[in-house]
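In what follows, a single structure is set out as structure tokens and then discussed.
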Amino acid sequence: MTQEDLVPPELKRNVFVAPVDWIYNLGRAGSVWPIMFGLACCAFEMIVTLTSRFDLARFGMEFMRASPRQSELMIISGTVTKKMAPQVVRLYDQMPEPKYVLAMGACAISGGPFKDGYNVVPGVDRLLPVNVYVPGCPPRPESLLDGVLKLHQQIRGETILTSPWYRKGVERELPVPECGPWGLVLPKGEESA
Amino acid sequence: MTSQETFERLAARFPRFELAYVEGKDPSIVVKAENLVELAQYLRDQQEYDYCSSITAVDYPDRFEVVYHLYSMKNEGGPAILKVHADRDNPQVPSVTSIWTGADWQEREAWDLMGIRFPGHPNLKRILMWEGYEGHPLRKDFPGPQDEYTFS
């Protein structure tokens with residue numbers, strides 16, 4: 001006897017049986033709200049992805065939230081300079097869990113053409129755990145939409161049993177780097193992500 | 001008005017100043033740092049170079065050079081390019097913020113990235129890097145990033 005057989009025949013057309021994970025993740029993946037947050041020229045591609053021509057709202061990202069406390073996706077749209085890095089990590093720390101990071105463009109992935117520069121973090125994954133990398137310089141809006149769909153796939157594949165968000169004893173707050181005399185330094189005793 | 005004409009007018013007006021005319025694709029006028037403010041005042045008031053579009057600095061093996069690009073909005077003239085040499089050990093060039101207010105941030109940038117001091121500047125502090133940063137990154141002898149966030 002399967003679960004389907006538990007449903008009385010007269011209700012078969014109205015009742016749908018599914019795992020909790022499936023229905024829960026469907027709801028979560030269908031409304032990932034990004035934080036309104038742009039760093040460099042990739043931000044313009046991100047903005048145009050929101051407009052009616054590409055229409056990010058089709059994928060449940062109705063609007064960018066202007067507060068980290070109401071958002072669950074951080075699109076790192078552009079170069080992360082060392083002067084901006086503390087603020088980026090601070091915004092990430094303020095987002096409620098579950099939270100995801102999408103690194104958009106060559107600069108956010110690896111530093112891009114500025115990777116040897118004195119003021120550029122060579123890849124935002126040195127600071128934050130990144131879920132999706134979208135290559136390009138800058139990526140076309142279609143690429144960003146593809147990255148968003150990849151993120152939806154990841155979210156649908158999570159289970160409540162194993163995702164880090166629901167475990168106890170996980171260190172949740174990332175250390176915020178500080179601007180020191182030679183570049184970024186982490187507070188004493190901390191290690192980067 | 002070409003750079004040549006500007007140079008000739010300057011040379012006629014200030015015969016005691018040491019001026020040099022450098023030929024090239026963009027001809028320029030090399031002036032002494034101590035005469036800069038007086039020349040700039042003259043260029044703005046009498047020659048109508050009312051717009052200082054850029055102040056930048058160059059690192060040469062034996063000297064620093066501060067470059068001024070002047071345009072005239074009234075006569076649609078320019079650019080007149082002024083170059084000032086500064087010694088490597090303690091580069092100092094007088095500020096021209098009293099003449100062109102727009103020089104303020106440009107001089108701060110030259111201080112921040114090239115380490116050239118501008119005596120007379122009202123607020124000479126770093127503009128792009130943060131306060132407390134050591135060194136001037138666009139100098140040729142800058143060692144590069146020294147922290148753990150370095151590409152490898």
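Starting from 1 in every chain, residues are counted up; chains themselves are A, B, ... following the order of the structure tokens, and ligands are numbered from 1 as listed.
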Discussion item. Within 6 Å of chain B, which residues belong to chain A? Use only C-alpha atoms and report them as a list in words.
Written reply: Lys115, Tyr118, Val121, Pro122, Pro181, Trp182 and Gly183 of chain A
Restricted to N, CA and C atoms, what would the selected residues look like written as a tab-separated table (two decimals), in the first residue's frame?
chain	number	residue	atom	x	y	z
A	115	LYS	N	42.72	41.10	-10.92
A	115	LYS	CA	43.06	40.13	-9.86
A	115	LYS	C	44.39	40.43	-9.21
A	118	TYR	N	45.92	46.06	-6.24
A	118	TYR	CA	46.20	46.27	-4.82
A	118	TYR	C	44.94	46.40	-4.01
A	121	VAL	N	39.59	42.14	-4.13
A	121	VAL	CA	39.56	40.79	-3.55
A	121	VAL	C	39.53	39.80	-4.71
A	122	PRO	N	40.50	38.89	-4.83
A	122	PRO	CA	40.54	37.99	-5.99
A	122	PRO	C	39.52	36.86	-5.85
A	181	PRO	N	46.72	48.31	7.39
A	181	PRO	CA	47.72	49.13	6.68
A	181	PRO	C	48.21	48.49	5.39
A	182	TRP	N	48.13	47.16	5.23
A	182	TRP	CA	48.63	46.52	4.02
A	182	TRP	C	47.52	45.88	3.22
A	183	GLY	N	46.29	46.05	3.61
A	183	GLY	CA	45.19	45.41	2.92
A	183	GLY	C	44.19	44.89	3.93
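Every protein, DNA or RNA residue with an atom at most 9 Å from A:Gly111, where only C-alpha atoms count and chain neighbours fewer than 5 positions away do not, is listed here: Thr79, Val80, Ala106, Asp116, Gly117, Val120, Val121, Pro122, Gly123 and Val124 of chain A; Phe151 of chain B.
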Take the residues just selected and output them with C-alpha atoms as a CSV table (one decimal), in the first residue's frame.
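Written output follows (result_39.csv):
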chain,number,residue,atom,x,y,z
A,79,THR,CA,34.3,43.9,-8.4
A,80,VAL,CA,34.6,43.5,-4.7
A,106,ALA,CA,34.6,37.6,-13.8
A,116,ASP,CA,46.6,41.4,-9.4
A,117,GLY,CA,45.4,44.8,-8.2
A,120,VAL,CA,40.6,44.0,-5.4
A,121,VAL,CA,39.6,40.8,-3.6
A,122,PRO,CA,40.5,38.0,-6.0
A,123,GLY,CA,37.2,36.2,-5.9
A,124,VAL,CA,34.4,36.8,-3.5
B,151,PHE,CA,45.8,36.3,-6.3
Worksheet entry | Atom pair atom CA of A:Phe114 / atom CA of A:Cys41: separation (Å) |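 Computed distance, atom CA of A:Phe114 to atom CA of A:Cys41, equals 13.7 Å.
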Fill in: 12 Å contact set for A:Ala57, only C-alpha atoms, chain neighbours under 6 positions out, as a VMD selection string
chain A and resid 30 to 34 48 to 51 63 to 64 145 148
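Candidate residues A:Val7, A:Leu73, A:Val17, A:Leu102 were compared for distance to A:Leu144, and the nearest is A:Leu102, using only C-alpha atoms.
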Practice prompt. With a distance cut-off of 7 Å and only C-alpha atoms, select the neighbouring residues of A:Ser77, excluding the residue or stretch itself and same-chain residues fewer than 2 positions from it, and output the selection as a list in words.
Written response: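 Near A:Ser77, the qualifying residues are Gly38, Leu39, Ala40, Cys42, Ala43, Ile75, Ala103, Met104, Gly105 and Ala108 of chain A.
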Discussion item. I want to know what sits within 10 Å of stretch 166-169 of chain A, based on only C-alpha atoms, with residues of the same chain fewer than 5 positions away left out; could you give that as a PyMOL selection string?
Written reply: chain A and resi 97-98+159-161
Those residues you just picked out, can you put them in a file as a short mmCIF file (atom, residue, chain, number, x, y, z; two decimals), in the first residue's frame with C-alpha atoms?
data_model
loop_
_atom_site.label_atom_id
_atom_site.label_comp_id
_atom_site.auth_asym_id
_atom_site.auth_seq_id
_atom_site.Cartn_x
_atom_site.Cartn_y
_atom_site.Cartn_z
CA GLU A 97 18.91 31.89 6.77
CA PRO A 98 18.62 30.06 4.43
CA THR A 159 16.69 18.26 2.35
CA ILE A 160 15.75 19.51 5.77
CA LEU A 161 17.72 16.65 7.31
#
Item to complete: Do a neighbour search on B:Ala80 at 7 Å with only C-alpha atoms, toss out local chain neighbours closer than 3 positions, and write the hits as an MDAnalysis selection string.
Response: chainID B and resid 3 28 69:71
Worksheet item: Given the choices A:Ser67, A:Ser110, A:Asn119, A:Ser52, which gets closest to A:Lys82 if the distance is worked out from only C-alpha atoms?
Response: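 Among the listed residues, A:Asn119 lies closest to A:Lys82.
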Fill in: Atom-to-atom span, atom CA of B:Arg63 and atom CA of B:Trp111, Å
15.2 Å
Practice prompt. Can you list, as a ChimeraX atom specification, all residues belonging to stretch 29-123 of chain B that DSSP tags as strand (DSSP E or B)?
Written response: /B:29-31,51-59,64-72,77-86,92,117
Discussion item. When you count only C-alpha atoms, which of these residues is closest to B:Thr97: B:Met114, B:Lys83, B:Cys52, B:Glu109?
Written reply: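 Among the listed residues, the smallest separation from B:Thr97 belongs to B:Cys52.
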Discussion item. I want to know what sits within 12 Å of B:Thr101, based on only C-alpha atoms, with residues of the same chain fewer than 3 positions away left out; could you give that as an NGL selection string?
Written reply: :B and (44 or 50-54 or 95-98 or 104-107 or 121-122)
Selected residues written out, N, CA and C atoms, as a PDB file, in the first residue's frame:
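Written file, again-v1.pdb:
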ATOM      1  N   ARG B  44      44.258  81.615 -15.746  1.00  0.00           N
ATOM      2  CA  ARG B  44      42.809  81.624 -15.549  1.00  0.00           C
ATOM      3  C   ARG B  44      42.228  83.022 -15.810  1.00  0.00           C
ATOM      4  N   ASP B  50      39.602  78.610 -17.912  1.00  0.00           N
ATOM      5  CA  ASP B  50      38.755  78.582 -16.724  1.00  0.00           C
ATOM      6  C   ASP B  50      38.451  77.170 -16.258  1.00  0.00           C
ATOM      7  N   TYR B  51      38.966  76.166 -16.939  1.00  0.00           N
ATOM      8  CA  TYR B  51      38.583  74.795 -16.594  1.00  0.00           C
ATOM      9  C   TYR B  51      39.829  73.916 -16.515  1.00  0.00           C
ATOM     10  N   CYS B  52      40.075  73.392 -15.331  1.00  0.00           N
ATOM     11  CA  CYS B  52      41.202  72.473 -15.135  1.00  0.00           C
ATOM     12  C   CYS B  52      40.627  71.071 -15.183  1.00  0.00           C
ATOM     13  N   SER B  53      40.799  70.381 -16.300  1.00  0.00           N
ATOM     14  CA  SER B  53      40.053  69.134 -16.466  1.00  0.00           C
ATOM     15  C   SER B  53      40.719  67.976 -15.757  1.00  0.00           C
ATOM     16  N   SER B  54      42.039  67.977 -15.657  1.00  0.00           N
ATOM     17  CA  SER B  54      42.627  66.841 -14.958  1.00  0.00           C
ATOM     18  C   SER B  54      43.968  67.199 -14.362  1.00  0.00           C
ATOM     19  N   SER B  95      49.392  73.670  -4.140  1.00  0.00           N
ATOM     20  CA  SER B  95      48.023  73.367  -4.545  1.00  0.00           C
ATOM     21  C   SER B  95      47.447  74.482  -5.405  1.00  0.00           C
ATOM     22  N   VAL B  96      46.611  74.124  -6.370  1.00  0.00           N
ATOM     23  CA  VAL B  96      45.924  75.131  -7.185  1.00  0.00           C
ATOM     24  C   VAL B  96      44.424  75.140  -6.883  1.00  0.00           C
ATOM     25  N   THR B  97      44.043  74.614  -5.709  1.00  0.00           N
ATOM     26  CA  THR B  97      42.606  74.635  -5.376  1.00  0.00           C
ATOM     27  C   THR B  97      42.083  76.052  -5.229  1.00  0.00           C
ATOM     28  N   SER B  98      42.956  77.008  -4.869  1.00  0.00           N
ATOM     29  CA  SER B  98      42.485  78.389  -4.726  1.00  0.00           C
ATOM     30  C   SER B  98      42.144  78.982  -6.090  1.00  0.00           C
ATOM     31  N   ASP B 104      40.485  70.135  -6.179  1.00  0.00           N
ATOM     32  CA  ASP B 104      40.489  69.570  -4.828  1.00  0.00           C
ATOM     33  C   ASP B 104      40.633  68.047  -4.840  1.00  0.00           C
ATOM     34  N   TRP B 105      39.674  67.345  -5.430  1.00  0.00           N
ATOM     35  CA  TRP B 105      39.699  65.878  -5.387  1.00  0.00           C
ATOM     36  C   TRP B 105      40.803  65.305  -6.261  1.00  0.00           C
ATOM     37  N   GLN B 106      41.137  66.027  -7.346  1.00  0.00           N
ATOM     38  CA  GLN B 106      42.201  65.519  -8.218  1.00  0.00           C
ATOM     39  C   GLN B 106      43.532  65.511  -7.473  1.00  0.00           C
ATOM     40  N   GLU B 107      43.769  66.552  -6.687  1.00  0.00           N
ATOM     41  CA  GLU B 107      45.014  66.579  -5.918  1.00  0.00           C
ATOM     42  C   GLU B 107      44.981  65.535  -4.820  1.00  0.00           C
ATOM     43  N   HIS B 121      46.594  72.821   0.200  1.00  0.00           N
ATOM     44  CA  HIS B 121      45.323  72.126  -0.026  1.00  0.00           C
ATOM     45  C   HIS B 121      44.505  72.143   1.264  1.00  0.00           C
ATOM     46  N   PRO B 122      43.190  72.414   1.192  1.00  0.00           N
ATOM     47  CA  PRO B 122      42.401  72.541   2.427  1.00  0.00           C
ATOM     48  C   PRO B 122      42.164  71.218   3.142  1.00  0.00           C
TER      49      PRO B 122
END
Worksheet item: In Å, with one decimal, what is the gap from atom CA of B:Arg108 to atom CA of A:Pro113?
Response: 25.6 Å
Item to complete: Please report, as number ranges by chain, each residue of chain A to which DSSP assigns helix (DSSP H, G or I) when run on this structure's backbone.
Response: A: 3-6, 9-11, 20-29, 42-50, 56-59, 68-70, 85-94, 105-110, 112-114, 124-126, 141-157, 164-166
